[in-house]
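Here is upload_11.txt, consisting of compact mmCIF, C-alpha atoms:
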# COMPACT_ATOMS: atom_id res chain seq x y z
CA MET A 25 -4.57 22.96 -12.89
CA THR A 26 -1.96 24.81 -10.88
CA ASN A 27 0.63 23.77 -13.42
CA ALA A 28 -1.42 25.05 -16.27
CA SER A 29 -1.82 28.44 -14.65
CA PHE A 30 1.95 28.73 -14.16
CA ARG A 31 2.90 27.88 -17.70
CA PRO A 32 2.18 31.18 -19.45
CA ALA A 33 4.28 33.03 -16.90
CA ALA A 34 7.21 30.70 -17.45
CA ASP A 35 7.05 31.23 -21.18
CA MET A 36 6.81 34.95 -20.71
CA PHE A 37 9.97 34.98 -18.63
CA ARG A 38 11.74 32.96 -21.24
CA GLU A 39 10.65 35.40 -23.91
CA LEU A 40 11.80 38.32 -21.78
CA ASN A 41 15.15 36.66 -21.21
CA ARG A 42 15.54 36.10 -24.88
CA LEU A 43 14.63 39.67 -25.65
CA GLN A 44 17.04 40.88 -23.02
CA SER A 45 19.90 38.90 -24.47
CA VAL A 46 19.11 40.13 -27.95
CA LEU A 47 19.05 43.73 -26.74
CA ASP A 48 22.26 43.18 -24.81
CA GLN A 49 23.90 41.87 -27.89
CA VAL A 50 22.74 44.73 -30.07
CA PHE A 51 23.23 47.70 -27.78
CA ARG A 52 25.44 46.37 -25.04
CA PRO A 53 25.99 49.51 -23.00
CA ALA A 54 29.01 49.19 -20.75
CA GLU A 55 27.06 49.31 -17.51
CA ARG A 56 24.78 46.53 -18.66
CA SER A 57 27.53 44.22 -19.78
CA SER A 58 28.41 40.66 -18.97
CA ILE A 59 29.06 41.14 -15.31
CA ARG A 60 25.79 42.84 -14.56
CA GLY A 61 27.38 46.23 -14.32
CA LEU A 62 29.01 45.58 -10.98
CA THR A 63 32.12 47.45 -11.95
CA GLY A 64 31.37 48.80 -15.36
CA ALA A 65 34.31 48.55 -17.68
CA SER A 66 37.00 47.51 -15.23
CA PHE A 67 39.66 45.22 -16.59
CA PRO A 68 40.52 42.58 -15.66
CA VAL A 69 37.42 41.17 -14.02
CA LEU A 70 38.29 39.74 -10.60
CA ASN A 71 37.05 36.90 -8.46
CA VAL A 72 38.41 36.40 -4.97
CA GLY A 73 37.96 33.32 -2.85
CA THR A 74 39.45 31.51 0.10
CA THR A 75 40.27 27.94 0.93
CA PRO A 76 41.42 26.79 4.37
CA GLU A 77 45.06 27.08 3.22
CA THR A 78 45.07 29.90 0.68
CA VAL A 79 43.56 33.09 -0.63
CA GLU A 80 42.81 32.85 -4.36
CA VAL A 81 42.59 35.82 -6.69
CA MET A 82 41.48 35.08 -10.23
CA ALA A 83 41.70 37.75 -12.90
CA LEU A 84 40.00 37.20 -16.22
CA ALA A 85 42.65 38.82 -18.35
CA PRO A 86 42.68 37.27 -21.82
CA GLY A 87 45.26 38.09 -24.44
CA LEU A 88 48.11 39.26 -22.24
CA ASP A 89 51.79 38.57 -22.30
CA PRO A 90 52.41 37.11 -18.82
CA LYS A 91 55.87 38.72 -18.79
CA SER A 92 54.34 42.17 -19.07
CA LEU A 93 52.25 41.69 -15.94
CA GLN A 94 53.35 43.36 -12.74
CA ILE A 95 52.08 41.70 -9.62
CA THR A 96 53.12 43.21 -6.32
CA VAL A 97 52.17 42.71 -2.71
CA ASP A 98 52.83 45.60 -0.42
CA ARG A 99 51.52 45.82 3.12
CA GLY A 100 48.64 43.50 2.50
CA VAL A 101 47.63 45.07 -0.79
CA LEU A 102 47.90 43.05 -3.96
CA THR A 103 48.27 45.05 -7.16
CA ILE A 104 47.93 43.69 -10.66
CA ALA A 105 49.08 46.06 -13.37
CA GLY A 106 49.89 45.75 -17.02
CA GLU A 107 48.94 46.79 -20.47
CA ARG A 108 46.97 45.17 -23.22
CA GLN A 109 47.89 46.00 -26.77
CA ASP A 110 45.26 47.07 -29.22
CA PRO A 111 45.40 44.59 -32.11
CA VAL A 112 42.94 46.47 -34.30
CA PRO A 113 44.60 48.35 -37.16
CA ALA A 114 43.77 52.00 -37.68
CA GLU A 115 40.89 52.93 -39.95
CA GLY A 116 41.59 53.88 -43.50
CA ASP A 117 43.85 52.27 -46.07
CA GLY A 118 41.24 49.67 -46.86
CA VAL A 119 40.50 48.91 -43.22
CA THR A 120 37.06 49.42 -41.71
CA VAL A 121 36.51 48.93 -37.98
CA TYR A 122 32.99 47.78 -37.07
CA ALA A 123 33.31 47.08 -33.38
CA GLN A 124 35.90 47.81 -30.75
CA GLU A 125 34.52 46.59 -27.47
CA ARG A 126 37.53 44.81 -26.04
CA PHE A 127 39.62 46.62 -23.50
CA SER A 128 42.97 48.01 -24.55
CA GLY A 129 45.54 50.13 -22.81
CA ALA A 130 47.03 50.19 -19.34
CA PHE A 131 45.18 48.70 -16.40
CA ARG A 132 45.65 48.44 -12.69
CA ARG A 133 43.59 46.62 -10.11
CA VAL A 134 44.11 46.48 -6.39
CA VAL A 135 42.93 43.88 -3.91
CA SER A 136 43.23 44.21 -0.18
CA LEU A 137 44.30 40.84 1.18
CA PRO A 138 42.90 39.49 4.42
CA GLU A 139 45.11 39.65 7.47
CA GLU A 140 45.92 35.97 7.52
CA ALA A 141 47.48 36.10 4.04
CA ASP A 142 51.23 35.48 3.93
CA ALA A 143 52.72 37.99 1.50
CA GLY A 144 55.90 35.93 1.37
CA LYS A 145 54.20 32.99 -0.30
CA VAL A 146 52.59 34.20 -3.48
CA ASP A 147 52.27 32.05 -6.57
CA ALA A 148 50.90 33.18 -9.93
CA THR A 149 49.96 31.21 -13.03
CA TYR A 150 48.48 32.30 -16.33
CA ARG A 151 46.44 29.88 -18.38
CA ASP A 152 43.77 30.33 -21.06
CA GLY A 153 43.60 34.01 -20.27
CA ILE A 154 43.01 33.61 -16.56
CA LEU A 155 45.60 34.90 -14.13
CA ARG A 156 45.42 32.97 -10.91
CA ILE A 157 47.25 34.28 -7.88
CA THR A 158 47.48 32.01 -4.86
CA VAL A 159 48.51 33.57 -1.59
CA ALA A 160 49.22 31.17 1.26
CA LYS A 161 47.81 31.81 4.68
CA HIS A 162 50.01 32.07 7.74
CA GLU A 163 50.54 28.76 9.46
CA ALA A 164 49.01 30.08 12.63
CA SER A 165 45.77 31.04 10.91
CA LYS A 166 45.12 27.66 9.30
CA PRO A 167 42.44 25.59 10.91
CA ARG A 168 43.98 22.73 12.89
CA ARG A 169 42.87 20.03 15.14
CA ILE A 170 44.07 20.04 18.69
CA GLU A 171 44.84 16.64 20.03
CA ILE A 172 43.83 15.79 23.55
CA SER A 173 46.75 14.29 25.38
CA MET B 8 16.25 43.02 -13.19
CA ARG B 9 17.85 40.43 -15.34
CA SER B 10 18.82 38.21 -12.46
CA GLU B 11 15.35 38.35 -10.98
CA LEU B 12 13.86 37.18 -14.22
CA GLN B 13 16.30 34.34 -14.44
CA THR B 14 15.73 33.28 -10.89
CA SER B 15 12.00 33.24 -11.44
CA GLY B 16 12.45 31.17 -14.55
CA ALA B 17 14.71 28.67 -12.85
CA ASN B 18 12.30 28.29 -9.97
CA THR B 19 9.40 27.49 -12.21
CA PRO B 20 8.67 23.86 -11.51
CA GLN B 21 7.57 23.03 -15.04
CA ALA B 22 10.92 23.79 -16.61
CA THR B 23 12.17 20.65 -18.28
CA PRO B 24 15.92 19.96 -18.28
CA ASP B 25 16.06 21.04 -21.90
CA GLU B 26 14.42 24.37 -21.20
CA THR B 27 16.65 24.93 -18.22
CA SER B 28 19.80 24.49 -20.25
CA ARG B 29 18.53 26.90 -22.87
CA ASN B 30 17.71 29.46 -20.22
CA GLN B 31 21.11 29.20 -18.61
CA PRO B 32 22.64 32.65 -18.31
CA PHE B 33 25.66 33.38 -20.41
CA VAL B 34 28.14 36.16 -20.92
CA VAL B 35 28.11 38.11 -24.15
CA PRO B 36 31.84 38.39 -24.83
CA PRO B 37 33.23 41.73 -26.01
CA VAL B 38 34.51 41.66 -29.57
CA ASP B 39 36.61 43.66 -31.98
CA VAL B 40 35.55 43.41 -35.61
CA TYR B 41 37.44 44.89 -38.52
CA GLU B 42 37.56 44.40 -42.24
CA ASN B 43 40.30 44.72 -44.80
CA GLU B 44 40.66 43.65 -48.41
CA SER B 45 40.96 39.96 -47.63
CA GLY B 46 38.01 39.69 -45.27
CA ILE B 47 36.70 40.25 -41.80
CA THR B 48 38.56 39.56 -38.56
CA VAL B 49 36.71 38.97 -35.30
CA LEU B 50 38.49 38.98 -31.95
CA ALA B 51 36.55 37.81 -28.91
CA ASP B 52 37.55 37.70 -25.24
CA LEU B 53 36.86 34.23 -23.86
CA PRO B 54 38.90 33.92 -20.68
CA GLY B 55 39.10 30.43 -19.23
CA VAL B 56 38.17 28.71 -22.45
CA SER B 57 40.36 25.94 -23.80
CA ARG B 58 40.11 24.59 -27.32
CA ASP B 59 37.91 21.62 -26.43
CA ARG B 60 35.38 23.87 -24.73
CA LEU B 61 34.92 26.17 -27.68
CA GLY B 62 32.39 25.81 -30.44
CA VAL B 63 32.26 28.00 -33.53
CA ARG B 64 29.59 27.08 -36.03
CA VAL B 65 27.92 28.52 -39.04
CA ASP B 66 24.24 27.91 -39.45
CA GLY B 67 23.04 29.38 -42.70
CA GLU B 68 23.98 33.04 -42.48
CA THR B 69 24.49 32.96 -38.73
CA LEU B 70 27.86 32.60 -37.09
CA VAL B 71 27.62 31.38 -33.49
CA ILE B 72 30.40 31.41 -30.92
CA GLU B 73 29.67 29.23 -27.91
CA ALA B 74 32.13 28.38 -25.19
CA SER B 75 32.32 27.38 -21.59
CA ALA B 76 35.07 28.40 -19.22
CA SER B 77 36.73 26.03 -16.86
CA THR B 78 36.35 27.26 -13.33
CA ALA B 79 40.02 27.35 -12.48
CA GLN B 80 39.33 27.38 -8.80
CA PRO B 81 40.48 24.80 -6.29
CA GLU B 82 38.02 22.49 -4.65
CA GLY B 83 36.40 23.78 -1.52
CA MET B 84 37.00 27.40 -2.40
CA GLU B 85 34.58 29.85 -0.94
CA LEU B 86 33.93 32.85 -3.14
CA ILE B 87 34.15 36.07 -1.18
CA TYR B 88 34.06 38.55 -4.04
CA GLY B 89 32.88 37.80 -7.54
CA GLU B 90 32.59 39.99 -10.59
CA ALA B 91 32.60 37.14 -13.09
CA GLN B 92 29.43 35.19 -12.61
CA TYR B 93 28.68 32.88 -15.47
CA PRO B 94 31.14 30.42 -16.92
CA SER B 95 29.61 30.30 -20.37
CA TYR B 96 29.85 32.56 -23.37
CA ARG B 97 27.64 32.98 -26.38
CA ARG B 98 27.42 35.48 -29.17
CA GLN B 99 26.14 35.36 -32.68
CA PHE B 100 26.60 37.36 -35.83
CA THR B 101 24.95 37.51 -39.20
CA LEU B 102 27.31 36.94 -42.09
CA SER B 103 26.82 38.88 -45.25
CA ARG B 104 26.71 36.94 -48.47
CA GLU B 105 30.03 38.16 -49.82
CA LEU B 106 31.84 36.29 -47.03
CA ASP B 107 33.01 32.75 -47.55
CA SER B 108 31.79 30.90 -44.48
CA SER B 109 33.38 27.65 -45.62
CA ARG B 110 36.89 29.00 -45.19
CA ILE B 111 36.74 30.54 -41.73
CA GLU B 112 39.96 30.20 -39.79
CA ALA B 113 39.81 30.13 -36.01
CA ALA B 114 42.67 30.44 -33.56
CA LEU B 115 42.47 30.51 -29.78
CA LYS B 116 45.30 31.89 -27.71
CA ASP B 117 45.35 32.94 -24.07
CA GLY B 118 41.59 33.19 -23.98
CA VAL B 119 41.26 35.31 -27.11
CA LEU B 120 39.53 33.84 -30.13
CA LYS B 121 40.55 35.14 -33.52
CA LEU B 122 38.29 34.37 -36.45
CA GLN B 123 39.30 35.22 -39.96
CA ILE B 124 36.45 35.16 -42.41
CA PRO B 125 37.65 35.61 -45.98
CA ARG B 126 35.68 37.34 -48.69
CA ARG B 127 34.59 35.31 -51.63
CA GLU B 128 37.06 35.57 -54.47
CA GLU B 129 34.55 37.29 -56.73
CA ALA B 130 33.76 39.84 -54.01
CA LYS B 131 37.35 40.98 -53.55
CA PRO B 132 38.14 44.42 -54.86
CA ARG B 133 40.07 44.30 -58.09
CA ARG B 134 41.37 46.66 -60.61
CA ILE B 135 39.87 46.65 -64.04
CA GLU B 136 42.31 47.25 -66.79
CA VAL B 137 41.29 49.76 -69.38
CA ARG B 138 42.17 48.64 -72.82
CA VAL B 139 42.92 51.17 -75.44
CA GLY B 140 40.72 50.27 -78.35
Kindly present the structure from the file in structure tokens form.
Amino acid sequence: MTNASFRPAADMFRELNRLQSVLDQVFRPAERSSIRGLTGASFPVLNVGTTPETVEVMALAPGLDPKSLQITVDRGVLTIAGERQDPVPAEGDGVTVYAQERFSGAFRRVVSLPEEADAGKVDATYRDGILRITVAKHEASKPRRIEIS
Amino acid sequence: MRSELQTSGANTPQATPDETSRNQPFVVPPVDVYENESGITVLADLPGVSRDRLGVRVDGETLVIEASASTAQPEGMELIYGEAQYPSYRRQFTLSRELDSSRIEAALKDGVLKLQIPRREEAKPRRIEVRVG
């Protein structure tokens, strides 16, 4: 009986979700975009995490030339800068542009690294449109086990 | 609001595994779409997607792009700041009849999908010669 009374609500939520995704797809205002409007139209989208040994910064930056990226660390601040070319041809001359939602132009994003990050050991890779920057932590800040002598 | 709805849905005990997978949140990838004489070109941002995780299919007049991103994060990583939330992408389009859905070309490079959908031969613009009678 309890189950039966829950069911309509579940279906309603599914219908609302579906409607929401349809509306998102049709109107897609920038602040209601894929990342729940946390940062609006910032590019690239960033995720930052830590492991016991490293600080990981992942930038979702598809369609870039890795050579054109400028990654700098200065006084604990990591900066990712670059430019993404606009591949869409100009209107006219038989060309009609229907949608231009992808980011183009110059970008710059700044991340403040935690104190234990070692700016001397930074490693960056670019694969499938994700830029992954690994910053090692200082030896002294890594968790270690102290042996009892 | 959206997240609350999804959380409620996921917490509903009656949700079968099938329903859960259908309700899974996904990112609507941004696209560029333009048309020239030969057809329509679609560019979609799908960061983190490799070729084996991408699905492009045509179902009647509907073109569906579905993909899942590999979470390129090391094991045991603790997320401290996250703007990207869902590792799956989905977007669909309706194809008009003058497009030839059987000859779509897809290329994926650095997380950008490029689809080229040609026009049907008979729908291409052509010049009609005027004969002097």
For a cutoff of 10 Å around the file-coordinate point (38.0, 38.2, -31.8), which residues qualify once you count all atoms listed in the file? I'd like the result as an mmCIF file with C-alpha atoms, in the coordinates of the input.
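Result file is selection_38.cif:
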data_model
loop_
_atom_site.group_PDB
_atom_site.id
_atom_site.type_symbol
_atom_site.label_atom_id
_atom_site.label_comp_id
_atom_site.auth_asym_id
_atom_site.auth_seq_id
_atom_site.Cartn_x
_atom_site.Cartn_y
_atom_site.Cartn_z
ATOM 1 C CA PRO A 111 45.400 44.590 -32.110
ATOM 2 C CA VAL A 112 42.940 46.470 -34.300
ATOM 3 C CA GLN A 124 35.900 47.810 -30.750
ATOM 4 C CA ARG A 126 37.530 44.810 -26.040
ATOM 5 C CA PRO B 36 31.840 38.390 -24.830
ATOM 6 C CA PRO B 37 33.230 41.730 -26.010
ATOM 7 C CA VAL B 38 34.510 41.660 -29.570
ATOM 8 C CA ASP B 39 36.610 43.660 -31.980
ATOM 9 C CA VAL B 40 35.550 43.410 -35.610
ATOM 10 C CA TYR B 41 37.440 44.890 -38.520
ATOM 11 C CA THR B 48 38.560 39.560 -38.560
ATOM 12 C CA VAL B 49 36.710 38.970 -35.300
ATOM 13 C CA LEU B 50 38.490 38.980 -31.950
ATOM 14 C CA ALA B 51 36.550 37.810 -28.910
ATOM 15 C CA ASP B 52 37.550 37.700 -25.240
ATOM 16 C CA LEU B 53 36.860 34.230 -23.860
ATOM 17 C CA ALA B 113 39.810 30.130 -36.010
ATOM 18 C CA ALA B 114 42.670 30.440 -33.560
ATOM 19 C CA LEU B 115 42.470 30.510 -29.780
ATOM 20 C CA GLY B 118 41.590 33.190 -23.980
ATOM 21 C CA VAL B 119 41.260 35.310 -27.110
ATOM 22 C CA LEU B 120 39.530 33.840 -30.130
ATOM 23 C CA LYS B 121 40.550 35.140 -33.520
ATOM 24 C CA LEU B 122 38.290 34.370 -36.450
ATOM 25 C CA GLN B 123 39.300 35.220 -39.960
#
| said: List the spatial neighbours of segment 85-91 of chain B as a PyMOL selection string - criterion: any atom at most 6 Å away, all atoms listed in the file, same-chain residues fewer than 6 positions off excluded. | reply: chain A and resi 59+70-74
Any chance you can output those residues with C-alpha atoms as a PDB file, keeping the file's coordinate frame?
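The resulting again_0.pdb:
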ATOM      1  CA  ILE A  59      29.060  41.140 -15.310  1.00  0.00           C
ATOM      2  CA  LEU A  70      38.290  39.740 -10.600  1.00  0.00           C
ATOM      3  CA  ASN A  71      37.050  36.900  -8.460  1.00  0.00           C
ATOM      4  CA  VAL A  72      38.410  36.400  -4.970  1.00  0.00           C
ATOM      5  CA  GLY A  73      37.960  33.320  -2.850  1.00  0.00           C
ATOM      6  CA  THR A  74      39.450  31.510   0.100  1.00  0.00           C
TER       7      THR A  74
END
| request: Would you mind telling me which residue in B:Arg64, B:Arg58, B:Met84, B:Phe33 lies nearest to chain A when using all atoms listed in the file? | output: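 Between B:Arg64, B:Arg58, B:Met84, B:Phe33, the residue approaching chain A most closely is B:Met84.
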| Between atom CA of Glu140 of chain A and atom CA of Arg169 of chain A, what is the spacing in Å? |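 Going from atom CA of Arg169 of chain A over to atom CA of Glu140 of chain A covers 17.9 Å.
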| task | Work out how far atom CA of Leu102 of chain B is from atom CA of Ile124 of chain B, in Å to one decimal. | result | 9.3 Å
| In file coordinates, which residues lie within 9 Å of (30.7, 28.6, -40.6) using only C-alpha atoms, given as an MDAnalysis selection string? | chainID B and resid 63:71 107:111 124
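Coordinates place atom CA of Lys161 of chain A at a distance of 19.4 Å from atom CA of Ile104 of chain A.
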